[in-house]
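Worksheet for the structure shown next.
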Amino acid sequence: MTNPNTAWHYLSADRTQLGPVDTATLKDLVVNGEIARDQRVWTNSYGKEWKRVDSVPELADALAAQKKGTLTIRKKERSGGLSLANKRAQDTVDGSRDDTEFSSIDVNQPRKARKGTDRDAMLGSNCFFWIATCHILDLALYYLLPKIGIGDITVLRLGIADLIRSVPADWLQGFGAYHEPALILVQAALFFIISTFTVLGRKRFYLGYILGMLLYAADASYWFFANEWEPVALHLIMLFGLTYGLIGSLVSRASARR
């Protein structure tokens, strides 16, 4: 038989720990719709495990009453503030040492872990930005240094940029004296295209993120078949960063769903 004085804690929709409340109050919150069946509750006998409301035998009758509508259900907006019942429950939060330690382990720690994966995702998506920035620097060095008597110097070389530069001059006769600026303009546009993948990565648009990685991997294969190993090595370093960021994005998404 359920002890009516059992102290219960529960997680609100935004994963805030509330309580303690006694069994009767917890059942009222369930019946009135203040606590949904997929939210989590905890009591001392559960150890470190939070259980879903619909898996707790003591709350089965409360869930049945909620479903049948035998009592008035007061629905609250998930994105809004705490309801009156939740505020009353929050005002009675137990300040005991055991509950404080339990909260810091089982509620706040997943949130901290999620922040870590968010940071990994951000670092990974920023690799696209650095690829684009190095490409612009490479573009400037390639076209400007020879004009002041210095040979070609390149940094993070892109295979697509190399292909654009190798376009035969007779293909660009229509541009006349402007054929070189036309090539520069096309390559500069690559900066904005690659930077777009940075934005997609930050917004967790995974298909766009993965497409950017595949295109960059194809770019690396250009240098591989050309037996240019320095750009291949640089591409592999960047691909490692991109993969690290993608994994962080996926882990962050999975953590948010939980």
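Convention: chains lettered A, B, ... in structure tokens order; per-chain residue numbering from 1; ligands numbered from 1 as shown.
Counting only C-alpha atoms, range 55-70 of chain A has the following residues at most 8 Å away, ignoring those fewer than 4 positions along the same chain: A:Thr2, A:Lys27, A:Asp28, A:Val30, A:Val31, A:Asn32, A:Gly33, A:Arg37, A:Lys51.
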Surrounding residues of range 205-208 of chain A excluding itself and chain neighbours under 3 positions, 9 Å, only C-alpha atoms, as a PyMOL selection string: chain A and resi 196-197+199-202+211-213+246+249-250
Those residues you just picked out, can you put them in a file as a PDB file, in the first residue's frame with C-alpha atoms?
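Output file again_11.pdb is given in full below:
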```pdb
ATOM      1  CA  THR A 196      26.507  28.571 -46.334  1.00  0.00           C
ATOM      2  CA  PHE A 197      27.452  25.156 -44.965  1.00  0.00           C
ATOM      3  CA  VAL A 199      25.196  28.383 -41.334  1.00  0.00           C
ATOM      4  CA  LEU A 200      23.523  25.049 -42.091  1.00  0.00           C
ATOM      5  CA  GLY A 201      25.750  23.304 -39.557  1.00  0.00           C
ATOM      6  CA  ARG A 202      24.942  25.825 -36.850  1.00  0.00           C
ATOM      7  CA  LEU A 211      26.355  17.424 -48.349  1.00  0.00           C
ATOM      8  CA  GLY A 212      29.098  19.947 -47.563  1.00  0.00           C
ATOM      9  CA  MET A 213      31.268  17.189 -46.124  1.00  0.00           C
ATOM     10  CA  LEU A 246      28.615  16.321 -37.053  1.00  0.00           C
ATOM     11  CA  SER A 249      25.347  17.758 -33.569  1.00  0.00           C
ATOM     12  CA  LEU A 250      23.756  14.307 -33.644  1.00  0.00           C
TER      13      LEU A 250
END
```
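Here CA of Ala132 in chain A is placed at a distance of 14.7 Å from CA of Ala220 in chain A.
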For Ile131 in chain A, please output as a tab-separated table (two decimals) with all heavy atoms, in the first residue's frame all residues within 8 Å (counting only C-alpha atoms; exclusion window: fewer than 2 positions along the same chain).
```tsv
chain	number	residue	atom	x	y	z
A	127	CYS	N	34.44	24.81	-39.14
A	127	CYS	CA	35.48	24.36	-40.09
A	127	CYS	C	35.14	24.81	-41.50
A	127	CYS	O	36.04	25.14	-42.29
A	127	CYS	CB	35.63	22.84	-40.04
A	127	CYS	SG	36.50	22.22	-38.59
A	128	PHE	N	33.85	24.81	-41.84
A	128	PHE	CA	33.46	25.30	-43.17
A	128	PHE	C	33.86	26.76	-43.33
A	128	PHE	O	34.31	27.18	-44.41
A	128	PHE	CB	31.94	25.16	-43.36
A	128	PHE	CG	31.48	23.76	-43.63
A	128	PHE	CD1	30.61	23.13	-42.76
A	128	PHE	CD2	31.92	23.07	-44.74
A	128	PHE	CE1	30.16	21.85	-43.00
A	128	PHE	CE2	31.49	21.78	-45.00
A	128	PHE	CZ	30.61	21.16	-44.11
A	129	PHE	N	33.69	27.55	-42.26
A	129	PHE	CA	34.06	28.97	-42.33
A	129	PHE	C	35.56	29.13	-42.56
A	129	PHE	O	35.98	29.94	-43.37
A	129	PHE	CB	33.64	29.67	-41.04
A	129	PHE	CG	34.15	31.09	-40.95
A	129	PHE	CD1	33.52	32.11	-41.65
A	129	PHE	CD2	35.24	31.39	-40.16
A	129	PHE	CE1	34.00	33.41	-41.57
A	129	PHE	CE2	35.72	32.69	-40.08
A	129	PHE	CZ	35.09	33.71	-40.79
A	133	THR	N	37.50	30.90	-45.58
A	133	THR	CA	38.43	32.01	-45.33
A	133	THR	C	39.80	31.72	-45.92
A	133	THR	O	40.42	32.59	-46.54
A	133	THR	CB	38.54	32.26	-43.82
A	133	THR	OG1	37.25	32.57	-43.29
A	133	THR	CG2	39.49	33.42	-43.53
A	134	CYS	N	40.29	30.50	-45.72
A	134	CYS	CA	41.59	30.12	-46.29
A	134	CYS	C	41.54	30.16	-47.82
A	134	CYS	O	42.54	30.49	-48.48
A	134	CYS	CB	42.00	28.74	-45.80
A	134	CYS	SG	42.51	28.71	-44.07
A	135	HIS	N	40.38	29.83	-48.38
A	135	HIS	CA	40.25	29.90	-49.84
A	135	HIS	C	40.38	31.34	-50.33
A	135	HIS	O	41.05	31.60	-51.35
A	135	HIS	CB	38.90	29.33	-50.26
A	135	HIS	CG	38.53	29.65	-51.68
A	135	HIS	ND1	39.25	29.20	-52.76
A	135	HIS	CD2	37.52	30.42	-52.19
A	135	HIS	CE1	38.71	29.65	-53.87
A	135	HIS	NE2	37.66	30.40	-53.56
A	156	LEU	N	45.32	26.62	-47.92
A	156	LEU	CA	44.40	25.49	-47.98
A	156	LEU	C	43.78	25.44	-49.37
A	156	LEU	O	42.75	26.05	-49.64
A	156	LEU	CB	43.32	25.62	-46.92
A	156	LEU	CG	42.40	24.42	-46.74
A	156	LEU	CD1	43.21	23.20	-46.32
A	156	LEU	CD2	41.34	24.71	-45.69
A	194	ILE	N	30.63	28.02	-49.54
A	194	ILE	CA	31.17	27.23	-48.44
A	194	ILE	C	30.68	27.77	-47.10
A	194	ILE	O	30.35	27.01	-46.18
A	194	ILE	CB	32.71	27.22	-48.49
A	194	ILE	CG1	33.19	26.60	-49.81
A	194	ILE	CG2	33.28	26.42	-47.31
A	194	ILE	CD1	34.68	26.73	-50.04
A	238	MET	N	40.77	18.92	-41.93
A	238	MET	CA	39.49	19.62	-41.90
A	238	MET	C	38.32	18.63	-41.86
A	238	MET	O	37.32	18.87	-41.18
A	238	MET	CB	39.36	20.55	-43.10
A	238	MET	CG	40.17	21.83	-42.98
A	238	MET	SD	39.56	22.84	-41.61
A	238	MET	CE	40.67	24.25	-41.71
```
Distance of CA of Leu139 in chain A from CA of Gly245 in chain A, expressed in Å to one decimal place: 26.6 Å
Distance of CA of Ser45 in chain A from CA of Leu11 in chain A, expressed in Å to one decimal place: 16.9 Å
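Using only C-alpha atoms, the nearest neighbour of Arg15 in chain A within the list A:Val41, A:Ala217, A:Val167, A:Leu29 is A:Val41.
If only C-alpha atoms are the atoms counted, then among A:Ile160, A:Val53, A:Ala121, A:Val232 the closest residue to Leu190 in chain A is A:Ile160.
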Residue with smallest distance to Ala189 in chain A - pool A:Asn5, A:Ile164, A:Ala169, A:Met122, counting only C-alpha atoms: A:Ile164
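When the distance limit is 8 Å and only C-alpha atoms are what count, the residues near His9 in chain A, minus those fewer than 4 positions from it on the same chain, are Gln17, Leu18, Gly19, Pro20, Val21, Val41, Trp42 and Thr43 of chain A.
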Atoms kept (all heavy atoms) for selection, written as an mmCIF file, in the first residue's frame:
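As a result, part.cif now contains:
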```cif
data_model
loop_
_atom_site.group_PDB
_atom_site.id
_atom_site.type_symbol
_atom_site.label_atom_id
_atom_site.label_comp_id
_atom_site.auth_asym_id
_atom_site.auth_seq_id
_atom_site.Cartn_x
_atom_site.Cartn_y
_atom_site.Cartn_z
ATOM 1 N N GLN A 17 13.407 20.588 -11.818
ATOM 2 C CA GLN A 17 13.019 19.663 -10.757
ATOM 3 C C GLN A 17 12.132 20.393 -9.755
ATOM 4 O O GLN A 17 12.486 21.446 -9.232
ATOM 5 C CB GLN A 17 14.254 19.109 -10.050
ATOM 6 C CG GLN A 17 13.892 18.113 -8.946
ATOM 7 C CD GLN A 17 15.114 17.587 -8.221
ATOM 8 O OE1 GLN A 17 16.189 17.549 -8.801
ATOM 9 N NE2 GLN A 17 14.949 17.201 -6.975
ATOM 10 N N LEU A 18 10.964 19.829 -9.459
ATOM 11 C CA LEU A 18 10.016 20.408 -8.520
ATOM 12 C C LEU A 18 9.694 19.390 -7.432
ATOM 13 O O LEU A 18 9.755 18.190 -7.641
ATOM 14 C CB LEU A 18 8.730 20.827 -9.236
ATOM 15 C CG LEU A 18 8.902 21.829 -10.386
ATOM 16 C CD1 LEU A 18 7.579 22.060 -11.090
ATOM 17 C CD2 LEU A 18 9.460 23.146 -9.875
ATOM 18 N N GLY A 19 9.274 19.891 -6.264
ATOM 19 C CA GLY A 19 8.925 19.030 -5.154
ATOM 20 C C GLY A 19 9.736 19.399 -3.933
ATOM 21 O O GLY A 19 10.487 20.377 -3.936
ATOM 22 N N PRO A 20 9.585 18.648 -2.828
ATOM 23 C CA PRO A 20 8.784 17.427 -2.751
ATOM 24 C C PRO A 20 7.302 17.703 -2.535
ATOM 25 O O PRO A 20 6.927 18.736 -1.984
ATOM 26 C CB PRO A 20 9.381 16.715 -1.537
ATOM 27 C CG PRO A 20 9.864 17.833 -0.666
ATOM 28 C CD PRO A 20 10.336 18.917 -1.590
ATOM 29 N N VAL A 21 6.467 16.771 -2.973
ATOM 30 C CA VAL A 21 5.039 16.805 -2.706
ATOM 31 C C VAL A 21 4.629 15.425 -2.204
ATOM 32 O O VAL A 21 5.307 14.428 -2.486
ATOM 33 C CB VAL A 21 4.239 17.170 -3.971
ATOM 34 C CG1 VAL A 21 4.573 18.577 -4.451
ATOM 35 C CG2 VAL A 21 4.500 16.168 -5.104
ATOM 36 N N VAL A 41 9.057 11.278 -12.631
ATOM 37 C CA VAL A 41 8.919 11.471 -11.193
ATOM 38 C C VAL A 41 9.991 10.651 -10.481
ATOM 39 O O VAL A 41 10.557 9.708 -11.046
ATOM 40 C CB VAL A 41 7.515 11.053 -10.697
ATOM 41 C CG1 VAL A 41 6.440 11.939 -11.284
ATOM 42 C CG2 VAL A 41 7.235 9.584 -11.029
ATOM 43 N N TRP A 42 10.252 11.027 -9.241
ATOM 44 C CA TRP A 42 11.292 10.338 -8.468
ATOM 45 C C TRP A 42 10.923 10.351 -7.007
ATOM 46 O O TRP A 42 10.330 11.316 -6.496
ATOM 47 C CB TRP A 42 12.632 11.027 -8.669
ATOM 48 C CG TRP A 42 13.748 10.435 -7.846
ATOM 49 C CD1 TRP A 42 14.535 9.381 -8.162
ATOM 50 C CD2 TRP A 42 14.166 10.868 -6.543
ATOM 51 N NE1 TRP A 42 15.427 9.122 -7.161
ATOM 52 C CE2 TRP A 42 15.228 10.026 -6.139
ATOM 53 C CE3 TRP A 42 13.756 11.875 -5.685
ATOM 54 C CZ2 TRP A 42 15.877 10.152 -4.918
ATOM 55 C CZ3 TRP A 42 14.399 12.020 -4.457
ATOM 56 C CH2 TRP A 42 15.449 11.170 -4.079
ATOM 57 N N THR A 43 11.275 9.267 -6.310
ATOM 58 C CA THR A 43 11.191 9.190 -4.856
ATOM 59 C C THR A 43 12.384 8.389 -4.375
ATOM 60 O O THR A 43 13.091 7.748 -5.169
ATOM 61 C CB THR A 43 9.869 8.551 -4.396
ATOM 62 O OG1 THR A 43 9.757 8.705 -2.981
ATOM 63 C CG2 THR A 43 9.787 7.088 -4.782
#
```
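When only C-alpha atoms are used to measure the gap to Glu34 in chain A, the shortest distance among A:Phe191, A:Ala13, A:Asp22, A:Glu180 belongs to A:Ala13.
Counting only C-alpha atoms, the residue from A:Ala7, A:Leu183, A:Gly124, A:Thr25 that sits nearest to Ile237 in chain A is A:Gly124.
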